[in-house]
Amino acid sequence: MFINKHKDSNSTHELGSYLFKESDIIERTKETIRLHKRNFVKYGLDLNIFVSVVSAIFVLSFILITVIFPDFTANMFNQAKTWVTTNLTLGLSSLLT
Amino acid sequence: MGNDQFNTWFIIVINLTFVSLIILALTKYGKIRIGYKGDSKPKFKRFAWYAMLFSAGIGIGIFFYGIAEPIYHLNLPSALENSDYSPLSVMFLHWGFHPWAIYALVAIGIGYFSFNKGLPVTIRSLFYPLIKDKIYGIWGDVIDTIAVLSVLFGLSTSLGLGARQINAGFNSVFNIPISTSIQIILIIIITFFATLSVVSGISKGIRILSETNIKLSAILLLTILILGPTMIILKDYLFSFFYYIINFFKLSSYVAEDQANIVWQSGWTIFYWAWWFSWSPFVGLFIARISRGRTIREIILGVTIIPTIIITFVMTILGSSGLYLNDKFDNIMTNAIDNDISTSLFVMINNLISNDIVIVILSIVALISIILFFVTSSDSGSLVVDNLTSGGKLHSPKSQRVFWACMEGFIAAAALLLGGTQALNTLQSIIIITGLPFSIMIISILISLIKQFIEDEKKGLILKKTKIKPKKEM
């Protein structure tokens, strides 16, 4: 059993002009499976709770705020855009001068 | 280093990405194939691969900006205006090698870390060499959340632009009025079809729709090429492309200094760079999924060079025809674009062709093509968001894809509710804001990838394949 496992983890597989050691891939895959086990799996869903919930809250808030306060949203985005383009266009130049 | 050389963050990042990728393609690492066991051959044939690249990539924007952009560039900053071909060359800069280089970088990163090394198929995996096992914790979650928001908002912006143009098409062909409520109804209908496509998966719905879309667009563009000013288009393409190549570094490193030019650069170059950054997690992850079995060099060359040559030609067919009509009919295109940019394609078709039946047929083909670009962008985007929100699982429940496809539609509809120019400005602002965090991530991805290649080689995880010569029989 141990010999087989040992043999497997040291084997390689070919991709293009290179061979990849499988031990590294197996180790990483274990971690990936562990990450997937943290998922919320119920009611036909399979979600990473943090990523899904935070993203959904952001999106739904944007939709609600835009529908309820359209002028406020438009102003907010325009100001943010101006900040990004002004500071990242002019700010860096003063940094480098 | 003078402040006139590198004083814009987006310009630094995008140029660094392009140069690094070219170097990567030339190194020995270019021979590494993306994938695992059973990926010794590409999963998709070349036509299907390119069709999906274009349809998921920047297809929807081509018809929206293709005609208008060179007309806007008739008044370029003096540093960029050296010849009659400058407007088209500057457009090539925005749609050429640079955006595709960003997509290729993200695709190679995800492909290598996920398919070759067994990490989850999400953006967090790209940061493994920098934060190691923290990618499995809260830091990884935060990275994926930023990526999800970047994809959703970046994509919704394109869908918003697409809805405006589809409405303009219906107005041109069927006299349906241009209004926000019509655009929202269109978004609902088209999102429904995108949902059906995404539920059927990459190999069925997305691939079939992408291939159909490319064929339809090719028919439309070739017809415009043949019935339009053919020789002018061909001449413009050759000279503008030549001008783009010989002035490549000058165009791509241009940094505006006075206020008027800064406004121009923010509105065009920076807007585009931000747009491509915000799309990079989406298109990059999608390209990675469809590129298993291809080498890194093949992905870099295939994703940057071929699409650039084709897209610049397509943009010339549209842009050059628009410029030709503008000269011939006393600024007709300038007036149409000033009035409503989304009508430009249909105004051009109406004025370029004299036969009424051909006008109607071409307008309908254009309309279907834009709708299909809308559907293929939305379905592949939902698939990617579903990937990210399920922790990188390739096969997650289909109901989730439906939820995210609907969210994209809702965001686009909400932004359009702002109405008219305000809606367009807000959509553009969203792009620039969502592009910012990803431009920072792109630099990290670049460092990550280089670090990982060097580490893997040092540890002996990547071994050079040596041919064993058969022993001669004595």
# chains A, B, ... in the order shown; residues from 1 in each chain; ligands from 1
>>> select_by_dssp(residues="range 240-435 of chain B", states="helix (DSSP H, G or I)", output="PyMOL selection string")
chain B and resi 240-246+248-252+259-290+296-328+332-339+341-352+356-389+398-416+420-435
>>> closest_residue(among="B:Ile188, B:Ile143, B:Leu394, B:Leu362", to="Phe127 in chain B", atoms="only C-alpha atoms")
B:Ile143
>>> residues_around(residues="range 33-40 of chain A", least_positions_apart="4", cutoff="9 Å", atoms="only C-alpha atoms", output="NGL selection string")
(:A and (28-29 or 45-49)) or (:B and (120 or 136-137 or 390-393))
>>> write_last_selection(atoms="all heavy atoms", output="mmCIF file, in the first residue's frame")
data_model
loop_
_atom_site.group_PDB
_atom_site.id
_atom_site.type_symbol
_atom_site.label_atom_id
_atom_site.label_comp_id
_atom_site.auth_asym_id
_atom_site.auth_seq_id
_atom_site.Cartn_x
_atom_site.Cartn_y
_atom_site.Cartn_z
ATOM 1 N N ARG A 28 -1.838 19.770 -3.755
ATOM 2 C CA ARG A 28 -2.653 20.957 -3.992
ATOM 3 C C ARG A 28 -4.127 20.589 -4.169
ATOM 4 O O ARG A 28 -5.015 21.293 -3.724
ATOM 5 C CB ARG A 28 -2.164 21.720 -5.227
ATOM 6 C CG ARG A 28 -0.746 22.239 -5.132
ATOM 7 C CD ARG A 28 -0.671 23.627 -4.527
ATOM 8 N NE ARG A 28 -1.083 23.701 -3.146
ATOM 9 C CZ ARG A 28 -0.295 23.393 -2.102
ATOM 10 N NH1 ARG A 28 0.930 23.010 -2.294
ATOM 11 N NH2 ARG A 28 -0.730 23.498 -0.881
ATOM 12 N N THR A 29 -4.356 19.447 -4.835
ATOM 13 C CA THR A 29 -5.738 19.026 -5.058
ATOM 14 C C THR A 29 -6.441 18.737 -3.722
ATOM 15 O O THR A 29 -7.607 19.046 -3.545
ATOM 16 C CB THR A 29 -5.786 17.796 -5.986
ATOM 17 O OG1 THR A 29 -5.041 18.118 -7.147
ATOM 18 C CG2 THR A 29 -7.194 17.429 -6.381
ATOM 19 N N LEU A 45 -28.002 24.092 -4.025
ATOM 20 C CA LEU A 45 -26.942 25.097 -4.178
ATOM 21 C C LEU A 45 -25.593 24.510 -3.771
ATOM 22 O O LEU A 45 -25.535 23.528 -3.021
ATOM 23 C CB LEU A 45 -27.233 26.326 -3.297
ATOM 24 C CG LEU A 45 -28.507 27.098 -3.576
ATOM 25 C CD1 LEU A 45 -28.740 28.144 -2.501
ATOM 26 C CD2 LEU A 45 -28.449 27.768 -4.950
ATOM 27 N N ASP A 46 -24.522 25.097 -4.272
ATOM 28 C CA ASP A 46 -23.171 24.687 -3.903
ATOM 29 C C ASP A 46 -22.308 25.948 -3.946
ATOM 30 O O ASP A 46 -21.701 26.272 -4.960
ATOM 31 C CB ASP A 46 -22.665 23.634 -4.910
ATOM 32 C CG ASP A 46 -21.375 22.982 -4.445
ATOM 33 O OD1 ASP A 46 -20.769 23.500 -3.493
ATOM 34 O OD2 ASP A 46 -20.981 21.963 -5.039
ATOM 35 N N LEU A 47 -22.315 26.694 -2.827
ATOM 36 C CA LEU A 47 -21.744 28.043 -2.842
ATOM 37 C C LEU A 47 -20.677 28.258 -1.785
ATOM 38 O O LEU A 47 -20.785 27.720 -0.676
ATOM 39 C CB LEU A 47 -22.851 29.073 -2.567
ATOM 40 C CG LEU A 47 -23.966 29.226 -3.579
ATOM 41 C CD1 LEU A 47 -25.111 29.996 -2.942
ATOM 42 C CD2 LEU A 47 -23.463 29.958 -4.808
ATOM 43 N N ASN A 48 -19.683 29.063 -2.123
ATOM 44 C CA ASN A 48 -18.771 29.592 -1.118
ATOM 45 C C ASN A 48 -19.540 30.742 -0.471
ATOM 46 O O ASN A 48 -19.865 31.730 -1.131
ATOM 47 C CB ASN A 48 -17.482 30.104 -1.789
ATOM 48 C CG ASN A 48 -16.552 30.767 -0.800
ATOM 49 O OD1 ASN A 48 -16.910 31.690 -0.084
ATOM 50 N ND2 ASN A 48 -15.323 30.294 -0.776
ATOM 51 N N ILE A 49 -19.838 30.580 0.813
ATOM 52 C CA ILE A 49 -20.736 31.517 1.498
ATOM 53 C C ILE A 49 -20.235 32.961 1.414
ATOM 54 O O ILE A 49 -20.960 33.867 0.991
ATOM 55 C CB ILE A 49 -20.904 31.118 2.982
ATOM 56 C CG1 ILE A 49 -21.665 29.806 3.067
ATOM 57 C CG2 ILE A 49 -21.615 32.202 3.787
ATOM 58 C CD1 ILE A 49 -23.140 29.924 2.859
ATOM 59 N N PRO B 120 -7.777 25.539 -7.003
ATOM 60 C CA PRO B 120 -9.151 25.778 -7.480
ATOM 61 C C PRO B 120 -9.189 26.686 -8.720
ATOM 62 O O PRO B 120 -8.313 27.534 -8.889
ATOM 63 C CB PRO B 120 -9.841 26.465 -6.295
ATOM 64 C CG PRO B 120 -8.771 26.848 -5.352
ATOM 65 C CD PRO B 120 -7.588 25.999 -5.622
ATOM 66 N N TYR B 136 -6.732 29.844 0.682
ATOM 67 C CA TYR B 136 -7.889 29.025 1.058
ATOM 68 C C TYR B 136 -8.725 29.688 2.154
ATOM 69 O O TYR B 136 -9.793 29.194 2.494
ATOM 70 C CB TYR B 136 -7.419 27.647 1.551
ATOM 71 C CG TYR B 136 -6.688 26.878 0.474
ATOM 72 C CD1 TYR B 136 -5.313 26.685 0.542
ATOM 73 C CD2 TYR B 136 -7.377 26.356 -0.613
ATOM 74 C CE1 TYR B 136 -4.639 25.996 -0.447
ATOM 75 C CE2 TYR B 136 -6.701 25.670 -1.610
ATOM 76 C CZ TYR B 136 -5.334 25.494 -1.518
ATOM 77 O OH TYR B 136 -4.679 24.812 -2.510
ATOM 78 N N GLY B 137 -8.241 30.775 2.724
ATOM 79 C CA GLY B 137 -8.950 31.441 3.814
ATOM 80 C C GLY B 137 -9.621 32.729 3.370
ATOM 81 O O GLY B 137 -9.993 32.885 2.198
ATOM 82 N N SER B 390 -18.548 29.379 -6.450
ATOM 83 C CA SER B 390 -18.620 28.016 -5.914
ATOM 84 C C SER B 390 -17.233 27.545 -5.461
ATOM 85 O O SER B 390 -17.008 26.353 -5.297
ATOM 86 C CB SER B 390 -19.191 27.062 -6.967
ATOM 87 O OG SER B 390 -18.319 27.028 -8.079
ATOM 88 N N GLY B 391 -16.310 28.477 -5.299
ATOM 89 C CA GLY B 391 -14.971 28.129 -4.822
ATOM 90 C C GLY B 391 -14.123 27.462 -5.890
ATOM 91 O O GLY B 391 -13.170 26.762 -5.587
ATOM 92 N N GLY B 392 -14.482 27.671 -7.145
ATOM 93 C CA GLY B 392 -13.659 27.153 -8.243
ATOM 94 C C GLY B 392 -14.088 25.801 -8.761
ATOM 95 O O GLY B 392 -13.323 25.114 -9.439
ATOM 96 N N LYS B 393 -15.309 25.400 -8.451
ATOM 97 C CA LYS B 393 -15.802 24.116 -8.982
ATOM 98 C C LYS B 393 -16.188 24.283 -10.445
ATOM 99 O O LYS B 393 -16.827 25.270 -10.805
ATOM 100 C CB LYS B 393 -17.023 23.658 -8.183
ATOM 101 C CG LYS B 393 -16.666 22.981 -6.888
ATOM 102 C CD LYS B 393 -17.888 22.319 -6.282
ATOM 103 C CE LYS B 393 -17.502 21.538 -5.048
ATOM 104 N NZ LYS B 393 -18.683 20.962 -4.387
#
>>> closest_residue(among="A:Phe50, A:Val41, A:Trp83, A:Ile57", to="chain B", atoms="only C-alpha atoms")
A:Phe50
>>> residues_around(residues="Ser252 in chain B", least_positions_apart="2", cutoff="10 Å", atoms="only C-alpha atoms", output="list of chain:residue names")
B:Ile11, B:Ile12, B:Ile14, B:Asn15, B:Val90, B:Leu93, B:His94, B:His98, B:Tyr244, B:Asn247, B:Phe248, B:Phe249, B:Lys250, B:Tyr254, B:Val255, B:Thr269
>>> residues_around(residues="Met315 in chain B", least_positions_apart="3", cutoff="7 Å", atoms="only C-alpha atoms", output="compact mmCIF listing (two decimals) with N, CA, C and O atoms, in the first residue's frame")
# COMPACT_ATOMS: atom_id res chain seq x y z
N ILE B 62 -17.36 46.03 -30.36
CA ILE B 62 -16.91 46.34 -31.72
C ILE B 62 -17.98 47.11 -32.49
O ILE B 62 -17.71 48.13 -33.11
N GLY B 66 -17.03 50.76 -33.06
CA GLY B 66 -16.29 50.62 -34.32
C GLY B 66 -16.42 51.80 -35.26
O GLY B 66 -15.45 52.22 -35.90
N ILE B 311 -9.53 41.70 -35.38
CA ILE B 311 -10.37 42.79 -34.81
C ILE B 311 -10.02 44.13 -35.44
O ILE B 311 -10.90 44.93 -35.75
N THR B 312 -8.72 44.38 -35.67
CA THR B 312 -8.36 45.66 -36.27
C THR B 312 -8.91 45.75 -37.70
O THR B 312 -9.32 46.82 -38.14
N LEU B 318 -15.65 48.94 -40.35
CA LEU B 318 -16.67 49.82 -39.80
C LEU B 318 -16.19 51.28 -39.75
O LEU B 318 -16.88 52.18 -40.22
N GLY B 319 -15.00 51.47 -39.19
CA GLY B 319 -14.49 52.83 -38.99
C GLY B 319 -14.22 53.56 -40.29
O GLY B 319 -14.58 54.73 -40.45
